[in-house]
$ cat final_36.txt   # compact mmCIF, C-alpha atoms
# COMPACT_ATOMS: atom_id res chain seq x y z
CA MET R 1 -1.14 20.81 -21.11
CA ARG R 2 2.08 20.41 -23.10
CA GLU R 3 3.57 17.00 -23.75
CA VAL R 4 6.82 16.27 -21.94
CA LYS R 5 9.13 13.49 -23.09
CA ALA R 6 10.92 11.13 -20.75
CA THR R 7 14.71 11.34 -20.66
CA ALA R 8 17.32 8.58 -20.76
CA PRO R 9 16.38 5.50 -18.72
CA GLU R 10 18.50 6.27 -15.64
CA THR R 11 21.34 8.47 -14.45
CA TYR R 12 23.72 7.30 -11.77
CA LEU R 13 23.96 9.98 -9.06
CA GLY R 14 26.56 8.27 -6.87
CA ASP R 15 26.53 6.25 -3.64
CA GLY R 16 24.26 3.63 -5.22
CA VAL R 17 21.50 6.11 -6.13
CA TYR R 18 19.91 6.40 -9.59
CA ALA R 19 17.44 8.92 -11.02
CA SER R 20 15.17 8.95 -14.05
CA PHE R 21 12.45 11.18 -15.47
CA ASP R 22 9.20 9.68 -16.76
CA GLY R 23 7.84 12.84 -18.36
CA HIS R 24 6.03 13.92 -15.20
CA GLY R 25 8.16 13.27 -12.14
CA ILE R 26 11.60 12.25 -10.98
CA LYS R 27 12.10 8.67 -9.81
CA VAL R 28 14.92 8.19 -7.29
CA ARG R 29 15.97 4.57 -6.86
CA ALA R 30 18.39 2.76 -4.57
CA PRO R 31 18.97 -0.92 -5.34
CA LEU R 32 19.39 -2.91 -2.13
CA GLY R 33 20.38 -6.19 -3.76
CA GLU R 34 18.79 -9.58 -3.45
CA PRO R 35 16.54 -10.51 -1.75
CA LEU R 36 15.53 -6.97 -0.74
CA GLY R 37 15.06 -5.45 -4.21
CA ASP R 38 14.89 -1.68 -4.75
CA VAL R 39 13.65 1.27 -2.78
CA ALA R 40 12.19 4.01 -4.98
CA ILE R 41 10.33 7.29 -4.56
CA TRP R 42 8.73 9.52 -7.18
CA LEU R 43 9.01 13.29 -6.81
CA GLU R 44 6.54 15.47 -8.66
CA PRO R 45 7.51 19.13 -9.25
CA PRO R 46 6.12 20.49 -5.93
CA GLN R 47 7.89 17.81 -3.87
CA LEU R 48 11.14 18.24 -5.79
CA ARG R 49 11.04 22.02 -5.17
CA ALA R 50 10.38 21.36 -1.48
CA LEU R 51 13.32 18.94 -1.29
CA VAL R 52 15.67 21.41 -2.99
CA GLU R 53 14.55 24.19 -0.64
CA PHE R 54 15.01 21.89 2.37
CA ALA R 55 18.56 21.01 1.26
CA ARG R 56 19.38 24.67 0.59
CA ASN R 57 18.22 25.68 4.07
CA GLU R 58 20.00 22.84 5.84
CA TYR R 59 23.30 23.47 4.02
CA ARG R 60 23.00 27.19 4.77
CA LYS R 61 22.47 26.46 8.49
CA ALA R 62 25.47 24.11 8.44
CA GLY R 63 27.62 26.77 6.77
CA ILE R 64 28.16 24.70 3.63
$ encode --input "final_36.txt" --output "structure tokens"
Amino acid sequence: MREVKATAPETYLGDGVYASFDGHGIKVRAPLGEPLGDVAIWLEPPQLRALVEFARNEYRKAGI
């Protein structure tokens, strides 16, 4: 398997959402502030493809 390097620490996506790449998957993080902390999910390539396909289908149905 080839080695993949992580990218910059985080990228701000908007609306309080940040993303980063750890060399394997995408971490999507939403800071909720104190005392709640952060909510984060990690998307590996199959889940990211599924999410993109889901969004594509939903936008198509909505005429966007």
$ residues_around --input "final_36.txt" --residues "stretch 16-19 of chain R" --least-positions-apart "2" --cutoff "12 Å" --atoms "all atoms listed in the file" --output "ChimeraX atom specification"
/R:6-14,21-22,25-33,38-43
$ atom_distance --input "final_36.txt" --atom1 "atom CA of R:Asp15" --atom2 "atom CA of R:Gln47"
21.9 Å
$ atom_distance --input "final_36.txt" --atom1 "atom CA of R:Pro45" --atom2 "atom CA of R:Ala62"
25.7 Å
$ axis_aligned_box --input "final_36.txt" --around "stretch 33-37 of chain R" --padding-each-side "8 Å" --output "lines of an AutoDock Vina configuration file"
center_x = 17.7
center_y = -8.0
center_z = -2.5
size_x = 21.3
size_y = 21.1
size_z = 19.5
$ atom_distance --input "final_36.txt" --atom1 "atom CA of R:Leu36" --atom2 "atom CA of R:His24"
27.1 Å
